[in-house]
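Trainee: This is the structure I want to talk about, given as structure tokens.
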Amino acid sequence: EDVSEALTGSSSDDAGLGQFAQRLKNQAPQLLFFLSKSCTTCAAIERKLPDIPCPVPVTRIKADADSVWAPEMLNYQVERVPCFVLLDREGRAVAKTGEPLGVEHMTASFQACARLAARLAGGSSSSSSSSSNNKR
């Protein structure tokens with residue numbers, strides 16, 4: 001799925017919850033983007049994301065919708081926005097950004113998550129082949 005499709009999809013919080021649940025059910029890695037409509041850093045990052053390649057779907061989660069997203073925010077320990085959380089195929093958090101220090105910092109953090117996501121999406125075959133090459 002294209003990042004821009006996921007980011008510009010339905011703005012309904014319930015629709016986002018459906019996408020999130022379906023991806024978990026399909027055991028697909030995904031990158032969660034916790035944001036707030038009142039956060040100017042979030043808005044700036046959101047405008048940049050469609051231009052940054054990411055091999056897994058990005059699910060927008062509006063932290064303003066506490067009643068819908070409170071369990072996920074607690075589960076993934078999201079205390080501030082913007083925040084990115086990379087989930088593996090089982091829905092476990094394998095990476096999470098720290099305290100947001102501005103747009104450039106969060107953009108670089110997204111890129112780091114995207115690189116890790118590429119390894120997750122590629123499966124374990126690439127890591128096993130590289131480790132066997134190192135055992136000469």
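We label chains A, B, ... in the order they appear in the structure tokens, count residues from 1 in each chain, and number ligands from 1 in the order shown.
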Tell me which protein, DNA and RNA residues are within 10 Å of stretch 82-93 of chain A, counting only C-alpha atoms, leaving out same-chain ones fewer than 4 positions away, and put them as a PDB file with C-alpha atoms, in the first residue's frame.
Mentor:
ATOM      1  CA  PHE A  20      -5.489  -1.150  11.894  1.00  0.00           C
ATOM      2  CA  ALA A  21      -7.507  -4.218  12.907  1.00  0.00           C
ATOM      3  CA  ARG A  23      -3.744  -5.324   9.059  1.00  0.00           C
ATOM      4  CA  LEU A  24      -3.289  -7.047  12.412  1.00  0.00           C
ATOM      5  CA  LYS A  25      -5.652  -9.816  11.316  1.00  0.00           C
ATOM      6  CA  ASN A  26      -3.694 -10.237   8.059  1.00  0.00           C
ATOM      7  CA  GLN A  27      -0.462 -10.401  10.086  1.00  0.00           C
ATOM      8  CA  ALA A  28       1.043  -7.546   8.112  1.00  0.00           C
ATOM      9  CA  PRO A  29       3.710  -5.253   9.547  1.00  0.00           C
ATOM     10  CA  GLN A  30       2.592  -1.648   9.780  1.00  0.00           C
ATOM     11  CA  LEU A  31       3.831   1.704  10.956  1.00  0.00           C
ATOM     12  CA  LEU A  32       1.548   3.601  13.309  1.00  0.00           C
ATOM     13  CA  PHE A  33       1.655   7.398  13.135  1.00  0.00           C
ATOM     14  CA  PHE A  34       0.182   8.957  16.280  1.00  0.00           C
ATOM     15  CA  LEU A  35      -0.685  12.604  15.686  1.00  0.00           C
ATOM     16  CA  SER A  36      -2.965  15.403  16.826  1.00  0.00           C
ATOM     17  CA  CYS A  39       0.019  19.748  16.608  1.00  0.00           C
ATOM     18  CA  THR A  40       1.855  21.884  14.043  1.00  0.00           C
ATOM     19  CA  THR A  41       4.834  19.483  13.971  1.00  0.00           C
ATOM     20  CA  CYS A  42       2.426  16.619  13.206  1.00  0.00           C
ATOM     21  CA  ALA A  43       0.902  18.588  10.324  1.00  0.00           C
ATOM     22  CA  ILE A  45       5.433  15.776   9.073  1.00  0.00           C
ATOM     23  CA  GLU A  46       2.164  14.559   7.577  1.00  0.00           C
ATOM     24  CA  VAL A  56       4.685  -1.098   4.908  1.00  0.00           C
ATOM     25  CA  VAL A  58       1.243   3.723   7.549  1.00  0.00           C
ATOM     26  CA  THR A  59      -1.820   3.932   9.794  1.00  0.00           C
ATOM     27  CA  ARG A  60      -2.731   7.424  11.007  1.00  0.00           C
ATOM     28  CA  ILE A  61      -3.942   7.452  14.595  1.00  0.00           C
ATOM     29  CA  LYS A  62      -5.462  10.664  15.871  1.00  0.00           C
ATOM     30  CA  ALA A  63      -4.523  10.964  19.515  1.00  0.00           C
ATOM     31  CA  ASN A  75      -0.302  -0.448  24.955  1.00  0.00           C
ATOM     32  CA  TYR A  76       2.443   1.217  22.902  1.00  0.00           C
ATOM     33  CA  GLN A  77       3.194   3.780  25.657  1.00  0.00           C
ATOM     34  CA  VAL A  78       2.590   6.837  23.478  1.00  0.00           C
ATOM     35  CA  THR A  97      10.367   7.051  18.231  1.00  0.00           C
ATOM     36  CA  GLY A  98      11.405   8.996  21.289  1.00  0.00           C
ATOM     37  CA  GLU A  99      10.576  12.517  22.292  1.00  0.00           C
ATOM     38  CA  PRO A 100       9.836  14.620  19.211  1.00  0.00           C
ATOM     39  CA  LEU A 101      12.531  17.251  18.705  1.00  0.00           C
ATOM     40  CA  GLY A 102      11.133  18.932  15.608  1.00  0.00           C
ATOM     41  CA  VAL A 103      10.148  18.184  12.049  1.00  0.00           C
ATOM     42  CA  MET A 106      10.887  13.175  13.305  1.00  0.00           C
ATOM     43  CA  SER A 109      13.050   8.938  12.716  1.00  0.00           C
ATOM     44  CA  PHE A 110      10.372   7.981  10.181  1.00  0.00           C
ATOM     45  CA  CYS A 113      11.560   3.136  10.930  1.00  0.00           C
ATOM     46  CA  ALA A 114      11.010   2.702   7.174  1.00  0.00           C
ATOM     47  CA  LEU A 116      13.682  -1.319   9.634  1.00  0.00           C
ATOM     48  CA  ALA A 117      10.240  -1.966   8.116  1.00  0.00           C
ATOM     49  CA  LEU A 120      10.605  -6.819   8.439  1.00  0.00           C
ATOM     50  CA  ALA A 121       8.670  -6.870   5.176  1.00  0.00           C
ATOM     51  CA  GLY A 123      11.270 -11.630   6.036  1.00  0.00           C
TER      52      GLY A 123
END
Trainee: If you run DSSP on the backbone here, which positions in stretch 68-120 of chain A get strand (DSSP E)? Please write them as a ChimeraX atom specification.
Mentor: /A:83-87,93-96
Trainee: Output N, CA and C atoms for every residue in the selection just made, as a short mmCIF file (atom, residue, chain, number, x, y, z; two decimals), in the first residue's frame.
Mentor:
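Below is the file part-v2.cif, written as the result:
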data_model
loop_
_atom_site.label_atom_id
_atom_site.label_comp_id
_atom_site.auth_asym_id
_atom_site.auth_seq_id
_atom_site.Cartn_x
_atom_site.Cartn_y
_atom_site.Cartn_z
N CYS A 83 4.41 10.59 17.10
CA CYS A 83 5.11 9.38 17.52
C CYS A 83 4.88 8.30 16.46
N PHE A 84 5.94 7.58 16.10
CA PHE A 84 5.84 6.45 15.19
C PHE A 84 6.13 5.17 15.95
N VAL A 85 5.30 4.15 15.71
CA VAL A 85 5.51 2.84 16.32
C VAL A 85 5.45 1.82 15.20
N LEU A 86 6.52 1.05 15.02
CA LEU A 86 6.58 0.01 14.00
C LEU A 86 6.16 -1.31 14.61
N LEU A 87 5.17 -1.94 13.99
CA LEU A 87 4.67 -3.23 14.46
C LEU A 87 5.12 -4.34 13.53
N ALA A 93 5.32 -4.19 19.04
CA ALA A 93 6.13 -3.01 18.74
C ALA A 93 7.59 -3.41 18.69
N VAL A 94 8.24 -3.15 17.56
CA VAL A 94 9.67 -3.46 17.43
C VAL A 94 10.52 -2.20 17.38
N ALA A 95 9.86 -1.04 17.21
CA ALA A 95 10.57 0.23 17.23
C ALA A 95 9.58 1.34 17.56
N LYS A 96 10.08 2.35 18.25
CA LYS A 96 9.23 3.48 18.61
C LYS A 96 10.11 4.71 18.68
#
Trainee: I want to know what sits within 10 Å of A:Leu49, based on only C-alpha atoms, with residues of the same chain fewer than 2 positions away left out; could you give that as a list in words?
Mentor: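 Here the answer would be Val3, Ser4, Leu7, Ala44, Ile45, Glu46, Arg47, Asp51, Ile52, Pro53, Cys54, Val58, Thr107, Phe110 and Gln111 of chain A.
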Trainee: Can you spit out the residues from that selection as an mmCIF file, in the first residue's frame, using N, CA, C and O atoms?
Mentor:
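Final output, again-v9.cif:
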data_model
loop_
_atom_site.group_PDB
_atom_site.id
_atom_site.type_symbol
_atom_site.label_atom_id
_atom_site.label_comp_id
_atom_site.auth_asym_id
_atom_site.auth_seq_id
_atom_site.Cartn_x
_atom_site.Cartn_y
_atom_site.Cartn_z
ATOM 1 N N VAL A 3 2.096 4.925 0.886
ATOM 2 C CA VAL A 3 2.002 5.761 2.077
ATOM 3 C C VAL A 3 0.978 6.849 1.874
ATOM 4 O O VAL A 3 0.160 7.125 2.743
ATOM 5 N N SER A 4 0.981 7.491 0.694
ATOM 6 C CA SER A 4 0.053 8.593 0.478
ATOM 7 C C SER A 4 -1.389 8.117 0.526
ATOM 8 O O SER A 4 -2.259 8.826 0.999
ATOM 9 N N LEU A 7 -2.190 7.682 4.221
ATOM 10 C CA LEU A 7 -2.249 8.946 4.925
ATOM 11 C C LEU A 7 -3.415 9.815 4.488
ATOM 12 O O LEU A 7 -3.926 10.593 5.267
ATOM 13 N N ALA A 44 3.174 19.258 9.765
ATOM 14 C CA ALA A 44 4.326 19.408 8.872
ATOM 15 C C ALA A 44 4.868 18.047 8.453
ATOM 16 O O ALA A 44 5.210 17.835 7.283
ATOM 17 N N ILE A 45 4.948 17.120 9.391
ATOM 18 C CA ILE A 45 5.433 15.776 9.073
ATOM 19 C C ILE A 45 4.465 15.072 8.136
ATOM 20 O O ILE A 45 4.871 14.424 7.168
ATOM 21 N N GLU A 46 3.178 15.215 8.405
ATOM 22 C CA GLU A 46 2.164 14.559 7.577
ATOM 23 C C GLU A 46 2.271 15.005 6.113
ATOM 24 O O GLU A 46 2.085 14.207 5.207
ATOM 25 N N ARG A 47 2.611 16.269 5.903
ATOM 26 C CA ARG A 47 2.780 16.766 4.523
ATOM 27 C C ARG A 47 4.008 16.152 3.854
ATOM 28 O O ARG A 47 4.040 15.971 2.648
ATOM 29 N N ASP A 51 6.172 11.726 0.383
ATOM 30 C CA ASP A 51 7.384 11.779 -0.442
ATOM 31 C C ASP A 51 8.489 10.848 0.055
ATOM 32 O O ASP A 51 9.541 10.741 -0.570
ATOM 33 N N ILE A 52 8.260 10.178 1.182
ATOM 34 C CA ILE A 52 9.279 9.295 1.757
ATOM 35 C C ILE A 52 8.827 7.850 1.571
ATOM 36 O O ILE A 52 7.770 7.466 2.039
ATOM 37 N N PRO A 53 9.629 7.040 0.868
ATOM 38 C CA PRO A 53 9.231 5.641 0.660
ATOM 39 C C PRO A 53 9.149 4.869 1.974
ATOM 40 O O PRO A 53 9.987 5.033 2.855
ATOM 41 N N CYS A 54 8.124 4.040 2.082
ATOM 42 C CA CYS A 54 7.968 3.153 3.233
ATOM 43 C C CYS A 54 7.358 1.856 2.720
ATOM 44 O O CYS A 54 6.320 1.883 2.056
ATOM 45 N N VAL A 58 1.185 2.779 6.435
ATOM 46 C CA VAL A 58 1.243 3.723 7.549
ATOM 47 C C VAL A 58 -0.188 3.992 7.986
ATOM 48 O O VAL A 58 -1.013 4.428 7.189
ATOM 49 N N THR A 107 11.243 13.399 10.901
ATOM 50 C CA THR A 107 11.353 12.891 9.530
ATOM 51 C C THR A 107 12.468 11.853 9.462
ATOM 52 O O THR A 107 12.302 10.779 8.868
ATOM 53 N N PHE A 110 11.258 8.729 11.080
ATOM 54 C CA PHE A 110 10.372 7.981 10.181
ATOM 55 C C PHE A 110 11.204 7.192 9.168
ATOM 56 O O PHE A 110 10.925 6.027 8.899
ATOM 57 N N GLN A 111 12.238 7.826 8.618
ATOM 58 C CA GLN A 111 13.092 7.146 7.645
ATOM 59 C C GLN A 111 13.788 5.938 8.273
ATOM 60 O O GLN A 111 13.903 4.888 7.641
#
Trainee: Write out as an MDAnalysis selection string the set of residues from stretch 8-119 of chain A that DSSP, computed on the backbone, places in alpha helix (DSSP H).
Mentor: chainID A and resid 8 13:25 40:48 66:75 103:119
Trainee: Can you spit out the residues from that selection as a short mmCIF file (atom, residue, chain, number, x, y, z; two decimals), in the first residue's frame, using N, CA and C atoms?
Mentor:
data_model
loop_
_atom_site.label_atom_id
_atom_site.label_comp_id
_atom_site.auth_asym_id
_atom_site.auth_seq_id
_atom_site.Cartn_x
_atom_site.Cartn_y
_atom_site.Cartn_z
N THR A 8 -3.82 9.69 3.24
CA THR A 8 -4.89 10.55 2.77
C THR A 8 -6.22 9.82 2.70
N ASP A 13 -11.92 8.36 12.45
CA ASP A 13 -11.15 7.57 13.40
C ASP A 13 -11.59 6.12 13.38
N ASP A 14 -12.89 5.87 13.18
CA ASP A 14 -13.38 4.50 13.13
C ASP A 14 -12.84 3.77 11.90
N ALA A 15 -12.70 4.48 10.77
CA ALA A 15 -12.14 3.85 9.57
C ALA A 15 -10.68 3.47 9.82
N GLY A 16 -9.93 4.34 10.51
CA GLY A 16 -8.54 4.03 10.84
C GLY A 16 -8.44 2.81 11.73
N LEU A 17 -9.37 2.69 12.67
CA LEU A 17 -9.40 1.53 13.55
C LEU A 17 -9.65 0.26 12.75
N GLY A 18 -10.52 0.34 11.75
CA GLY A 18 -10.80 -0.81 10.89
C GLY A 18 -9.57 -1.23 10.11
N GLN A 19 -8.84 -0.25 9.55
CA GLN A 19 -7.61 -0.54 8.80
C GLN A 19 -6.59 -1.19 9.73
N PHE A 20 -6.43 -0.63 10.91
CA PHE A 20 -5.49 -1.15 11.89
C PHE A 20 -5.82 -2.60 12.23
N ALA A 21 -7.08 -2.86 12.53
CA ALA A 21 -7.51 -4.22 12.91
C ALA A 21 -7.33 -5.20 11.75
N GLN A 22 -7.65 -4.77 10.53
CA GLN A 22 -7.52 -5.65 9.36
C GLN A 22 -6.06 -6.01 9.11
N ARG A 23 -5.17 -5.05 9.27
CA ARG A 23 -3.74 -5.32 9.06
C ARG A 23 -3.21 -6.27 10.13
N LEU A 24 -3.69 -6.11 11.36
CA LEU A 24 -3.29 -7.05 12.41
C LEU A 24 -3.81 -8.44 12.10
N LYS A 25 -5.05 -8.52 11.65
CA LYS A 25 -5.65 -9.82 11.32
C LYS A 25 -4.88 -10.50 10.19
N THR A 40 1.30 21.35 15.29
CA THR A 40 1.85 21.88 14.04
C THR A 40 3.00 21.01 13.52
N THR A 41 3.77 20.40 14.41
CA THR A 41 4.83 19.48 13.97
C THR A 41 4.22 18.28 13.27
N CYS A 42 3.12 17.76 13.83
CA CYS A 42 2.43 16.62 13.21
C CYS A 42 1.97 16.97 11.79
N ALA A 43 1.40 18.15 11.64
CA ALA A 43 0.90 18.59 10.32
C ALA A 43 2.05 18.71 9.33
N ALA A 44 3.17 19.26 9.77
CA ALA A 44 4.33 19.41 8.87
C ALA A 44 4.87 18.05 8.45
N ILE A 45 4.95 17.12 9.39
CA ILE A 45 5.43 15.78 9.07
C ILE A 45 4.47 15.07 8.14
N GLU A 46 3.18 15.22 8.41
CA GLU A 46 2.16 14.56 7.58
C GLU A 46 2.27 15.01 6.11
N ARG A 47 2.61 16.27 5.90
CA ARG A 47 2.78 16.77 4.52
C ARG A 47 4.01 16.15 3.85
N LYS A 48 5.04 15.82 4.62
CA LYS A 48 6.28 15.26 4.06
C LYS A 48 6.21 13.76 3.78
N ASP A 66 -9.44 10.03 21.95
CA ASP A 66 -9.07 9.19 23.09
C ASP A 66 -9.95 7.97 23.26
N SER A 67 -11.25 8.15 23.08
CA SER A 67 -12.14 7.02 23.33
C SER A 67 -11.91 5.87 22.36
N VAL A 68 -11.45 6.19 21.16
CA VAL A 68 -11.20 5.15 20.15
C VAL A 68 -9.81 4.55 20.32
N TRP A 69 -8.81 5.40 20.53
CA TRP A 69 -7.42 4.96 20.47
C TRP A 69 -6.73 4.81 21.81
N ALA A 70 -7.41 5.07 22.92
CA ALA A 70 -6.75 4.99 24.23
C ALA A 70 -6.07 3.65 24.48
N PRO A 71 -6.69 2.51 24.14
CA PRO A 71 -5.99 1.23 24.40
C PRO A 71 -4.67 1.11 23.65
N GLU A 72 -4.61 1.55 22.40
CA GLU A 72 -3.37 1.46 21.63
C GLU A 72 -2.33 2.42 22.19
N MET A 73 -2.76 3.62 22.58
CA MET A 73 -1.81 4.58 23.13
C MET A 73 -1.20 4.05 24.43
N LEU A 74 -2.01 3.41 25.25
CA LEU A 74 -1.49 2.82 26.49
C LEU A 74 -0.60 1.62 26.18
N ASN A 75 -1.05 0.76 25.29
CA ASN A 75 -0.30 -0.45 24.95
C ASN A 75 1.08 -0.13 24.41
N VAL A 103 10.55 18.83 13.30
CA VAL A 103 10.15 18.18 12.05
C VAL A 103 11.28 17.36 11.44
N GLU A 104 12.48 17.93 11.36
CA GLU A 104 13.60 17.21 10.74
C GLU A 104 13.95 15.96 11.55
N HIS A 105 13.95 16.07 12.85
CA HIS A 105 14.25 14.91 13.71
C HIS A 105 13.21 13.81 13.50
N MET A 106 11.94 14.18 13.47
CA MET A 106 10.89 13.18 13.30
C MET A 106 10.88 12.60 11.89
N THR A 107 11.24 13.40 10.90
CA THR A 107 11.35 12.89 9.53
C THR A 107 12.47 11.85 9.46
N ALA A 108 13.61 12.15 10.09
CA ALA A 108 14.71 11.19 10.13
C ALA A 108 14.31 9.93 10.90
N SER A 109 13.53 10.09 11.96
CA SER A 109 13.05 8.94 12.72
C SER A 109 12.12 8.08 11.87
N PHE A 110 11.26 8.73 11.08
CA PHE A 110 10.37 7.98 10.18
C PHE A 110 11.20 7.19 9.17
N GLN A 111 12.24 7.83 8.62
CA GLN A 111 13.09 7.15 7.64
C GLN A 111 13.79 5.94 8.27
N ALA A 112 14.23 6.06 9.52
CA ALA A 112 14.85 4.93 10.21
C ALA A 112 13.84 3.80 10.41
N CYS A 113 12.62 4.15 10.78
CA CYS A 113 11.56 3.14 10.93
C CYS A 113 11.27 2.48 9.59
N ALA A 114 11.27 3.25 8.51
CA ALA A 114 11.01 2.70 7.17
C ALA A 114 12.11 1.71 6.78
N ARG A 115 13.37 2.02 7.11
CA ARG A 115 14.46 1.08 6.80
C ARG A 115 14.29 -0.23 7.58
N LEU A 116 13.92 -0.12 8.84
CA LEU A 116 13.68 -1.32 9.63
C LEU A 116 12.46 -2.08 9.11
N ALA A 117 11.45 -1.35 8.69
CA ALA A 117 10.24 -1.97 8.12
C ALA A 117 10.58 -2.76 6.86
N ALA A 118 11.52 -2.26 6.07
CA ALA A 118 11.93 -2.97 4.85
C ALA A 118 12.51 -4.33 5.21
N ARG A 119 13.28 -4.39 6.29
CA ARG A 119 13.83 -5.68 6.74
C ARG A 119 12.71 -6.59 7.24
#
